[in-house]
Structures are given as structure tokens and as C-alpha cells.
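This is data11.pdb (PDB, N, CA and C atoms, pLDDT in the B column).
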ATOM      1  N   MET A   1     -51.258 -15.798-235.581  1.00 72.00           N
ATOM      2  CA  MET A   1     -52.659 -15.887-235.939  1.00 72.00           C
ATOM      3  C   MET A   1     -52.799 -16.694-237.232  1.00 72.00           C
ATOM      4  N   ARG A   2     -53.907 -17.378-237.345  1.00 84.00           N
ATOM      5  CA  ARG A   2     -54.147 -18.176-238.544  1.00 84.00           C
ATOM      6  C   ARG A   2     -54.530 -17.273-239.705  1.00 84.00           C
ATOM      7  N   LYS A   3     -54.073 -17.586-240.872  1.00 86.00           N
ATOM      8  CA  LYS A   3     -54.370 -16.795-242.060  1.00 86.00           C
ATOM      9  C   LYS A   3     -55.634 -17.316-242.727  1.00 86.00           C
ATOM     10  N   GLY A   4     -56.382 -16.374-243.325  1.00 87.00           N
ATOM     11  CA  GLY A   4     -57.562 -16.742-244.091  1.00 87.00           C
ATOM     12  C   GLY A   4     -58.844 -16.905-243.299  1.00 87.00           C
ATOM     13  N   ILE A   5     -58.831 -16.714-241.977  1.00 90.00           N
ATOM     14  CA  ILE A   5     -60.057 -16.875-241.198  1.00 90.00           C
ATOM     15  C   ILE A   5     -60.620 -15.534-240.705  1.00 90.00           C
ATOM     16  N   HIS A   6     -59.882 -14.469-240.854  1.00 88.00           N
ATOM     17  CA  HIS A   6     -60.309 -13.173-240.352  1.00 88.00           C
ATOM     18  C   HIS A   6     -60.987 -12.369-241.453  1.00 88.00           C
ATOM     19  N   PRO A   7     -62.080 -11.638-241.114  1.00 88.00           N
ATOM     20  CA  PRO A   7     -62.766 -10.828-242.124  1.00 88.00           C
ATOM     21  C   PRO A   7     -61.927  -9.617-242.532  1.00 88.00           C
ATOM     22  N   LYS A   8     -62.223  -9.071-243.701  1.00 89.00           N
ATOM     23  CA  LYS A   8     -61.525  -7.876-244.187  1.00 89.00           C
ATOM     24  C   LYS A   8     -61.992  -6.665-243.384  1.00 89.00           C
ATOM     25  N   TYR A   9     -61.048  -5.869-242.931  1.00 89.00           N
ATOM     26  CA  TYR A   9     -61.304  -4.664-242.148  1.00 89.00           C
ATOM     27  C   TYR A   9     -61.009  -3.486-243.054  1.00 89.00           C
ATOM     28  N   LYS A  10     -62.062  -2.774-243.505  1.00 92.00           N
ATOM     29  CA  LYS A  10     -61.890  -1.752-244.529  1.00 92.00           C
ATOM     30  C   LYS A  10     -62.482  -0.416-244.088  1.00 92.00           C
ATOM     31  N   ASP A  11     -62.138   0.651-244.818  1.00 94.00           N
ATOM     32  CA  ASP A  11     -62.679   1.973-244.546  1.00 94.00           C
ATOM     33  C   ASP A  11     -64.186   1.973-244.797  1.00 94.00           C
ATOM     34  N   THR A  12     -64.926   2.679-243.911  1.00 93.00           N
ATOM     35  CA  THR A  12     -66.387   2.686-243.957  1.00 93.00           C
ATOM     36  C   THR A  12     -66.897   4.097-243.759  1.00 93.00           C
ATOM     37  N   LYS A  13     -67.977   4.434-244.443  1.00 94.00           N
ATOM     38  CA  LYS A  13     -68.669   5.704-244.241  1.00 94.00           C
ATOM     39  C   LYS A  13     -70.048   5.402-243.682  1.00 94.00           C
ATOM     40  N   ILE A  14     -70.339   5.960-242.503  1.00 90.00           N
ATOM     41  CA  ILE A  14     -71.641   5.822-241.876  1.00 90.00           C
ATOM     42  C   ILE A  14     -72.369   7.139-242.086  1.00 90.00           C
ATOM     43  N   THR A  15     -73.513   7.090-242.751  1.00 91.00           N
ATOM     44  CA  THR A  15     -74.269   8.286-243.095  1.00 91.00           C
ATOM     45  C   THR A  15     -75.546   8.340-242.264  1.00 91.00           C
ATOM     46  N   CYS A  16     -75.789   9.477-241.608  1.00 89.00           N
ATOM     47  CA  CYS A  16     -76.991   9.678-240.809  1.00 89.00           C
ATOM     48  C   CYS A  16     -78.079  10.314-241.676  1.00 89.00           C
ATOM     49  N   ALA A  17     -79.321  10.213-241.234  1.00 85.00           N
ATOM     50  CA  ALA A  17     -80.440  10.827-241.944  1.00 85.00           C
ATOM     51  C   ALA A  17     -80.336  12.356-241.935  1.00 85.00           C
ATOM     52  N   CYS A  18     -79.633  12.927-240.952  1.00 85.00           N
ATOM     53  CA  CYS A  18     -79.471  14.382-240.884  1.00 85.00           C
ATOM     54  C   CYS A  18     -78.381  14.880-241.828  1.00 85.00           C
ATOM     55  N   GLY A  19     -77.614  13.966-242.417  1.00 86.00           N
ATOM     56  CA  GLY A  19     -76.584  14.352-243.363  1.00 86.00           C
ATOM     57  C   GLY A  19     -75.158  14.228-242.843  1.00 86.00           C
ATOM     58  N   THR A  20     -75.004  13.913-241.588  1.00 87.00           N
ATOM     59  CA  THR A  20     -73.672  13.756-241.008  1.00 87.00           C
ATOM     60  C   THR A  20     -73.026  12.472-241.523  1.00 87.00           C
ATOM     61  N   VAL A  21     -71.744  12.573-241.894  1.00 91.00           N
ATOM     62  CA  VAL A  21     -71.005  11.412-242.378  1.00 91.00           C
ATOM     63  C   VAL A  21     -69.836  11.165-241.435  1.00 91.00           C
ATOM     64  N   VAL A  22     -69.723   9.934-240.930  1.00 89.00           N
ATOM     65  CA  VAL A  22     -68.642   9.538-240.046  1.00 89.00           C
ATOM     66  C   VAL A  22     -67.793   8.520-240.789  1.00 89.00           C
ATOM     67  N   GLU A  23     -66.504   8.783-240.866  1.00 93.00           N
ATOM     68  CA  GLU A  23     -65.600   7.848-241.530  1.00 93.00           C
ATOM     69  C   GLU A  23     -64.858   7.044-240.474  1.00 93.00           C
ATOM     70  N   THR A  24     -64.922   5.737-240.599  1.00 92.00           N
ATOM     71  CA  THR A  24     -64.291   4.831-239.641  1.00 92.00           C
ATOM     72  C   THR A  24     -63.891   3.560-240.373  1.00 92.00           C
ATOM     73  N   ARG A  25     -63.585   2.520-239.638  1.00 93.00           N
ATOM     74  CA  ARG A  25     -63.230   1.231-240.243  1.00 93.00           C
ATOM     75  C   ARG A  25     -64.176   0.166-239.706  1.00 93.00           C
ATOM     76  N   SER A  26     -64.557  -0.776-240.565  1.00 91.00           N
ATOM     77  CA  SER A  26     -65.491  -1.808-240.170  1.00 91.00           C
ATOM     78  C   SER A  26     -65.385  -3.000-241.102  1.00 91.00           C
ATOM     79  N   THR A  27     -65.905  -4.119-240.672  1.00 91.00           N
ATOM     80  CA  THR A  27     -65.985  -5.289-241.542  1.00 91.00           C
ATOM     81  C   THR A  27     -67.270  -5.276-242.351  1.00 91.00           C
ATOM     82  N   ARG A  28     -68.219  -4.448-241.988  1.00 88.00           N
ATOM     83  CA  ARG A  28     -69.533  -4.424-242.622  1.00 88.00           C
ATOM     84  C   ARG A  28     -69.558  -3.646-243.929  1.00 88.00           C
ATOM     85  N   GLY A  29     -68.872  -2.523-244.009  1.00 88.00           N
ATOM     86  CA  GLY A  29     -68.922  -1.678-245.194  1.00 88.00           C
ATOM     87  C   GLY A  29     -69.760  -0.437-244.936  1.00 88.00           C
ATOM     88  N   ASP A  30     -70.102   0.297-245.991  1.00 90.00           N
ATOM     89  CA  ASP A  30     -70.883   1.524-245.863  1.00 90.00           C
ATOM     90  C   ASP A  30     -72.329   1.209-245.475  1.00 90.00           C
ATOM     91  N   TYR A  31     -72.899   2.056-244.595  1.00 89.00           N
ATOM     92  CA  TYR A  31     -74.308   1.932-244.253  1.00 89.00           C
ATOM     93  C   TYR A  31     -74.825   3.236-243.702  1.00 89.00           C
ATOM     94  N   SER A  32     -76.152   3.326-243.515  1.00 88.00           N
ATOM     95  CA  SER A  32     -76.768   4.550-243.028  1.00 88.00           C
ATOM     96  C   SER A  32     -77.555   4.261-241.752  1.00 88.00           C
ATOM     97  N   VAL A  33     -77.699   5.300-240.929  1.00 87.00           N
ATOM     98  CA  VAL A  33     -78.425   5.206-239.666  1.00 87.00           C
ATOM     99  C   VAL A  33     -79.452   6.329-239.613  1.00 87.00           C
ATOM    100  N   GLU A  34     -80.431   6.201-238.723  1.00 83.00           N
ATOM    101  CA  GLU A  34     -81.470   7.218-238.596  1.00 83.00           C
ATOM    102  C   GLU A  34     -81.075   8.335-237.641  1.00 83.00           C
ATOM    103  N   ILE A  35     -80.403   8.002-236.544  1.00 83.00           N
ATOM    104  CA  ILE A  35     -80.039   8.995-235.534  1.00 83.00           C
ATOM    105  C   ILE A  35     -78.568   8.820-235.175  1.00 83.00           C
ATOM    106  N   CYS A  36     -77.829   9.935-235.146  1.00 82.00           N
ATOM    107  CA  CYS A  36     -76.413   9.894-234.766  1.00 82.00           C
ATOM    108  C   CYS A  36     -76.190  10.829-233.581  1.00 82.00           C
ATOM    109  N   SER A  37     -74.959  10.959-233.149  1.00 77.00           N
ATOM    110  CA  SER A  37     -74.660  11.819-232.005  1.00 77.00           C
ATOM    111  C   SER A  37     -74.841  13.298-232.324  1.00 77.00           C
ATOM    112  N   ALA A  38     -74.850  13.667-233.607  1.00 79.00           N
ATOM    113  CA  ALA A  38     -75.046  15.073-233.976  1.00 79.00           C
ATOM    114  C   ALA A  38     -76.511  15.491-233.884  1.00 79.00           C
ATOM    115  N   CYS A  39     -77.455  14.544-233.958  1.00 79.00           N
ATOM    116  CA  CYS A  39     -78.869  14.897-233.918  1.00 79.00           C
ATOM    117  C   CYS A  39     -79.640  14.188-232.805  1.00 79.00           C
ATOM    118  N   HIS A  40     -78.989  13.353-231.998  1.00 74.00           N
ATOM    119  CA  HIS A  40     -79.669  12.644-230.920  1.00 74.00           C
ATOM    120  C   HIS A  40     -79.964  13.614-229.774  1.00 74.00           C
ATOM    121  N   PRO A  41     -81.179  13.579-229.193  1.00 68.00           N
ATOM    122  CA  PRO A  41     -81.534  14.517-228.123  1.00 68.00           C
ATOM    123  C   PRO A  41     -80.633  14.427-226.894  1.00 68.00           C
ATOM    124  N   PHE A  42     -80.097  13.285-226.587  1.00 67.00           N
ATOM    125  CA  PHE A  42     -79.233  13.151-225.417  1.00 67.00           C
ATOM    126  C   PHE A  42     -77.968  13.988-225.568  1.00 67.00           C
ATOM    127  N   PHE A  43     -77.416  14.043-226.764  1.00 66.00           N
ATOM    128  CA  PHE A  43     -76.177  14.782-227.001  1.00 66.00           C
ATOM    129  C   PHE A  43     -76.417  16.246-227.344  1.00 66.00           C
ATOM    130  N   THR A  44     -77.553  16.575-227.976  1.00 68.00           N
ATOM    131  CA  THR A  44     -77.807  17.956-228.383  1.00 68.00           C
ATOM    132  C   THR A  44     -78.540  18.763-227.326  1.00 68.00           C
ATOM    133  N   GLY A  45     -79.281  18.114-226.442  1.00 68.00           N
ATOM    134  CA  GLY A  45     -80.053  18.827-225.434  1.00 68.00           C
ATOM    135  C   GLY A  45     -81.377  19.331-225.962  1.00 68.00           C
ATOM    136  N   LYS A  46     -81.712  19.040-227.190  1.00 70.00           N
ATOM    137  CA  LYS A  46     -82.979  19.452-227.795  1.00 70.00           C
ATOM    138  C   LYS A  46     -83.893  18.243-227.898  1.00 70.00           C
ATOM    139  N   GLN A  47     -85.192  18.476-227.628  1.00 65.00           N
ATOM    140  CA  GLN A  47     -86.141  17.374-227.742  1.00 65.00           C
ATOM    141  C   GLN A  47     -86.545  17.208-229.191  1.00 65.00           C
ATOM    142  N   LYS A  48     -86.513  15.998-229.665  1.00 59.00           N
ATOM    143  CA  LYS A  48     -86.887  15.698-231.034  1.00 59.00           C
ATOM    144  C   LYS A  48     -87.753  14.445-231.011  1.00 59.00           C
ATOM    145  N   ILE A  49     -88.950  14.560-231.543  1.00 62.00           N
ATOM    146  CA  ILE A  49     -89.849  13.415-231.564  1.00 62.00           C
ATOM    147  C   ILE A  49     -89.608  12.649-232.853  1.00 62.00           C
ATOM    148  N   VAL A  50     -89.242  11.392-232.716  1.00 64.00           N
ATOM    149  CA  VAL A  50     -89.043  10.534-233.874  1.00 64.00           C
ATOM    150  C   VAL A  50     -90.338   9.775-234.077  1.00 64.00           C
ATOM    151  N   ASP A  51     -91.096  10.178-235.079  1.00 61.00           N
ATOM    152  CA  ASP A  51     -92.413   9.603-235.328  1.00 61.00           C
ATOM    153  C   ASP A  51     -92.294   8.446-236.296  1.00 61.00           C
ATOM    154  N   SER A  52     -92.690   7.286-235.857  1.00 65.00           N
ATOM    155  CA  SER A  52     -92.694   6.141-236.750  1.00 65.00           C
ATOM    156  C   SER A  52     -94.138   5.726-237.000  1.00 65.00           C
ATOM    157  N   GLU A  53     -94.513   5.741-238.239  1.00 71.00           N
ATOM    158  CA  GLU A  53     -95.832   5.316-238.699  1.00 71.00           C
ATOM    159  C   GLU A  53     -96.961   6.184-238.164  1.00 71.00           C
ATOM    160  N   GLY A  54     -96.751   7.473-237.934  1.00 75.00           N
ATOM    161  CA  GLY A  54     -97.816   8.391-237.552  1.00 75.00           C
ATOM    162  C   GLY A  54     -98.356   8.191-236.151  1.00 75.00           C
ATOM    163  N   ARG A  55     -97.595   7.617-235.272  1.00 77.00           N
ATOM    164  CA  ARG A  55     -98.096   7.331-233.927  1.00 77.00           C
ATOM    165  C   ARG A  55     -98.363   8.588-233.112  1.00 77.00           C
ATOM    166  N   VAL A  56     -97.527   9.620-233.301  1.00 74.00           N
ATOM    167  CA  VAL A  56     -97.719  10.859-232.544  1.00 74.00           C
ATOM    168  C   VAL A  56     -99.011  11.537-232.962  1.00 74.00           C
ATOM    169  N   GLU A  57     -99.273  11.629-234.271  1.00 80.00           N
ATOM    170  CA  GLU A  57    -100.512  12.243-234.747  1.00 80.00           C
ATOM    171  C   GLU A  57    -101.727  11.446-234.302  1.00 80.00           C
ATOM    172  N   ARG A  58    -101.644  10.119-234.336  1.00 82.00           N
ATOM    173  CA  ARG A  58    -102.755   9.267-233.915  1.00 82.00           C
ATOM    174  C   ARG A  58    -103.033   9.472-232.423  1.00 82.00           C
ATOM    175  N   PHE A  59    -101.987   9.596-231.597  1.00 82.00           N
ATOM    176  CA  PHE A  59    -102.161   9.861-230.176  1.00 82.00           C
ATOM    177  C   PHE A  59    -102.827  11.215-229.962  1.00 82.00           C
ATOM    178  N   ASN A  60    -102.360  12.235-230.691  1.00 83.00           N
ATOM    179  CA  ASN A  60    -102.933  13.574-230.540  1.00 83.00           C
ATOM    180  C   ASN A  60    -104.390  13.615-230.972  1.00 83.00           C
ATOM    181  N   ARG A  61    -104.754  12.894-232.034  1.00 85.00           N
ATOM    182  CA  ARG A  61    -106.157  12.850-232.467  1.00 85.00           C
ATOM    183  C   ARG A  61    -107.013  12.125-231.429  1.00 85.00           C
ATOM    184  N   LYS A  62    -106.504  11.048-230.871  1.00 86.00           N
ATOM    185  CA  LYS A  62    -107.271  10.238-229.927  1.00 86.00           C
ATOM    186  C   LYS A  62    -107.560  10.993-228.636  1.00 86.00           C
ATOM    187  N   TYR A  63    -106.585  11.733-228.141  1.00 88.00           N
ATOM    188  CA  TYR A  63    -106.750  12.424-226.879  1.00 88.00           C
ATOM    189  C   TYR A  63    -107.022  13.915-227.021  1.00 88.00           C
ATOM    190  N   GLY A  64    -107.313  14.384-228.235  1.00 80.00           N
ATOM    191  CA  GLY A  64    -107.744  15.753-228.460  1.00 80.00           C
ATOM    192  C   GLY A  64    -106.688  16.803-228.257  1.00 80.00           C
ATOM    193  N   ARG A  65    -105.442  16.472-228.399  1.00 68.00           N
ATOM    194  CA  ARG A  65    -104.379  17.464-228.257  1.00 68.00           C
ATOM    195  C   ARG A  65    -104.013  17.999-229.626  1.00 68.00           C
ATOM    196  N   SER A  66    -103.669  19.266-229.652  1.00 63.00           N
ATOM    197  CA  SER A  66    -103.222  19.822-230.928  1.00 63.00           C
ATOM    198  C   SER A  66    -101.758  20.220-230.788  1.00 63.00           C
ATOM    199  N   THR A  67    -101.056  20.220-231.896  1.00 58.00           N
ATOM    200  CA  THR A  67     -99.643  20.573-231.866  1.00 58.00           C
ATOM    201  C   THR A  67     -99.437  22.071-231.936  1.00 58.00           C
ATOM    202  N   LYS A  68    -100.490  22.829-232.292  1.00 59.00           N
ATOM    203  CA  LYS A  68    -100.376  24.295-232.381  1.00 59.00           C
ATOM    204  C   LYS A  68    -100.783  24.906-231.056  1.00 59.00           C
ATOM    205  N   THR A  69    -100.079  25.968-230.639  1.00 54.00           N
ATOM    206  CA  THR A  69    -100.435  26.681-229.419  1.00 54.00           C
ATOM    207  C   THR A  69    -101.193  27.944-229.792  1.00 54.00           C
ATOM    208  N   SER A  70    -102.168  28.289-229.018  1.00 50.00           N
ATOM    209  CA  SER A  70    -102.991  29.438-229.308  1.00 50.00           C
ATOM    210  C   SER A  70    -102.740  30.540-228.285  1.00 50.00           C
ATOM    211  N   ALA A  71    -102.644  31.779-228.744  1.00 52.00           N
ATOM    212  CA  ALA A  71    -102.412  32.918-227.861  1.00 52.00           C
ATOM    213  C   ALA A  71    -103.696  33.304-227.127  1.00 52.00           C
ATOM    214  N   ALA A  72    -104.857  32.922-227.651  1.00 51.00           N
ATOM    215  CA  ALA A  72    -106.130  33.274-227.031  1.00 51.00           C
ATOM    216  C   ALA A  72    -106.395  32.478-225.756  1.00 51.00           C
ATOM    217  N   THR A  73    -105.759  31.369-225.569  1.00 52.00           N
ATOM    218  CA  THR A  73    -105.997  30.549-224.391  1.00 52.00           C
ATOM    219  C   THR A  73    -105.244  31.051-223.167  1.00 52.00           C
ATOM    220  N   THR A  74    -104.388  32.038-223.297  1.00 52.00           N
ATOM    221  CA  THR A  74    -103.607  32.536-222.163  1.00 52.00           C
ATOM    222  C   THR A  74    -104.172  33.812-221.592  1.00 52.00           C
ATOM    223  N   SER A  75    -105.521  34.034-221.610  1.00 45.00           N
ATOM    224  CA  SER A  75    -106.108  35.258-221.073  1.00 45.00           C
ATOM    225  C   SER A  75    -106.428  35.109-219.622  1.00 45.00           C
TER     226      SER A  75
END
Exercise: express the given structure as C-alpha cells:
Amino acid sequence: MRKGIHPKYKDTKITCACGTVVETRSTRGDYSVEICSACHPFFTGKQKIVDSEGRVERFNRKYGRSTKTSAATTS
């Protein structure tokens, strides 16, 4: 292989917004992500709404839905 043309491959820490830290190797260096396998709904089986710029609240206001459930409506 030719010398001097390959990027440096170094230890890297990838940090998720949930606090999970994954240590691996990369040419990029340390960086952070919003969703990882520890908090992604596909891997956890739990539904999690990722709201960007208030879109969920705007949808709920527009179509009259509320996020709270009421016990009085189940009579």
C-alpha cells in the first residue's frame, strides 16, 4: 500500500442524546447523535415521538387532539 495517502484511524467516542456512549474507531473523531440503538423505538419496542420544531403540538392544535386522556370520557 502507498504511504501517506490513508487517513488516520483513531479511537472515537459516539455520544447519544440519551447519554449512551459507544467507543469505536473512526477517521472522523468524536461526535454526537440524536438517536442510538439504546433509545431507538425499533430496538426498544417502545414508541417515542421525536418532535422537531413543535410539529406534533401544531398537529394536535390543528386537529383538536389533546395529549391528555380523560377518565370521564369512558362512561
So which residues get picked by the PyMOL selection byres ((chain A and resi 27) around 8) here, written as a PDB file with N, CA and C atoms, in the coordinates of the input?
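Ended up saving to out28.pdb:
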ATOM      1  N   PRO A   7     -62.080 -11.638-241.114  1.00 88.00           N
ATOM      2  CA  PRO A   7     -62.766 -10.828-242.124  1.00 88.00           C
ATOM      3  C   PRO A   7     -61.927  -9.617-242.532  1.00 88.00           C
ATOM      4  N   LYS A   8     -62.223  -9.071-243.701  1.00 89.00           N
ATOM      5  CA  LYS A   8     -61.525  -7.876-244.187  1.00 89.00           C
ATOM      6  C   LYS A   8     -61.992  -6.665-243.384  1.00 89.00           C
ATOM      7  N   TYR A   9     -61.048  -5.869-242.931  1.00 89.00           N
ATOM      8  CA  TYR A   9     -61.304  -4.664-242.148  1.00 89.00           C
ATOM      9  C   TYR A   9     -61.009  -3.486-243.054  1.00 89.00           C
ATOM     10  N   LYS A  10     -62.062  -2.774-243.505  1.00 92.00           N
ATOM     11  CA  LYS A  10     -61.890  -1.752-244.529  1.00 92.00           C
ATOM     12  C   LYS A  10     -62.482  -0.416-244.088  1.00 92.00           C
ATOM     13  N   ASP A  11     -62.138   0.651-244.818  1.00 94.00           N
ATOM     14  CA  ASP A  11     -62.679   1.973-244.546  1.00 94.00           C
ATOM     15  C   ASP A  11     -64.186   1.973-244.797  1.00 94.00           C
ATOM     16  N   THR A  12     -64.926   2.679-243.911  1.00 93.00           N
ATOM     17  CA  THR A  12     -66.387   2.686-243.957  1.00 93.00           C
ATOM     18  C   THR A  12     -66.897   4.097-243.759  1.00 93.00           C
ATOM     19  N   THR A  24     -64.922   5.737-240.599  1.00 92.00           N
ATOM     20  CA  THR A  24     -64.291   4.831-239.641  1.00 92.00           C
ATOM     21  C   THR A  24     -63.891   3.560-240.373  1.00 92.00           C
ATOM     22  N   ARG A  25     -63.585   2.520-239.638  1.00 93.00           N
ATOM     23  CA  ARG A  25     -63.230   1.231-240.243  1.00 93.00           C
ATOM     24  C   ARG A  25     -64.176   0.166-239.706  1.00 93.00           C
ATOM     25  N   SER A  26     -64.557  -0.776-240.565  1.00 91.00           N
ATOM     26  CA  SER A  26     -65.491  -1.808-240.170  1.00 91.00           C
ATOM     27  C   SER A  26     -65.385  -3.000-241.102  1.00 91.00           C
ATOM     28  N   ARG A  28     -68.219  -4.448-241.988  1.00 88.00           N
ATOM     29  CA  ARG A  28     -69.533  -4.424-242.622  1.00 88.00           C
ATOM     30  C   ARG A  28     -69.558  -3.646-243.929  1.00 88.00           C
ATOM     31  N   GLY A  29     -68.872  -2.523-244.009  1.00 88.00           N
ATOM     32  CA  GLY A  29     -68.922  -1.678-245.194  1.00 88.00           C
ATOM     33  C   GLY A  29     -69.760  -0.437-244.936  1.00 88.00           C
ATOM     34  N   ASP A  30     -70.102   0.297-245.991  1.00 90.00           N
ATOM     35  CA  ASP A  30     -70.883   1.524-245.863  1.00 90.00           C
ATOM     36  C   ASP A  30     -72.329   1.209-245.475  1.00 90.00           C
TER      37      ASP A  30
END
Next on the checklist: Once the PyMOL selection byres ((chain A and resi 31) around 5) has been evaluated on this model, what residues remain selected, and can you format them as a list in words?
Outcome noted: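 Applied to this file, the PyMOL selection byres ((chain A and resi 31) around 5) returns Lys13, Ile14, Thr15, Gly29, Asp30, Ser32 and Val33 of chain A.
The gap separating atom C of A:His40 from atom C of A:Ala17 is 12.2 Å, in Å to one decimal.
Each of A:Gly4, A:Gly54, A:Phe59, A:Glu34 was compared to A:Cys16 using only N, CA and C atoms, and A:Glu34 turns out to be the nearest.
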Item to check | Computed interatomic separation between atom C of A:Arg55 and atom CA of A:Cys18 (Å) | outcome: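 Atom CA of A:Cys18 lies 21.2 Å from atom C of A:Arg55.
Interatomic distance, atom CA of A:Ile35 to atom CA of A:Arg58: 22.8 Å.
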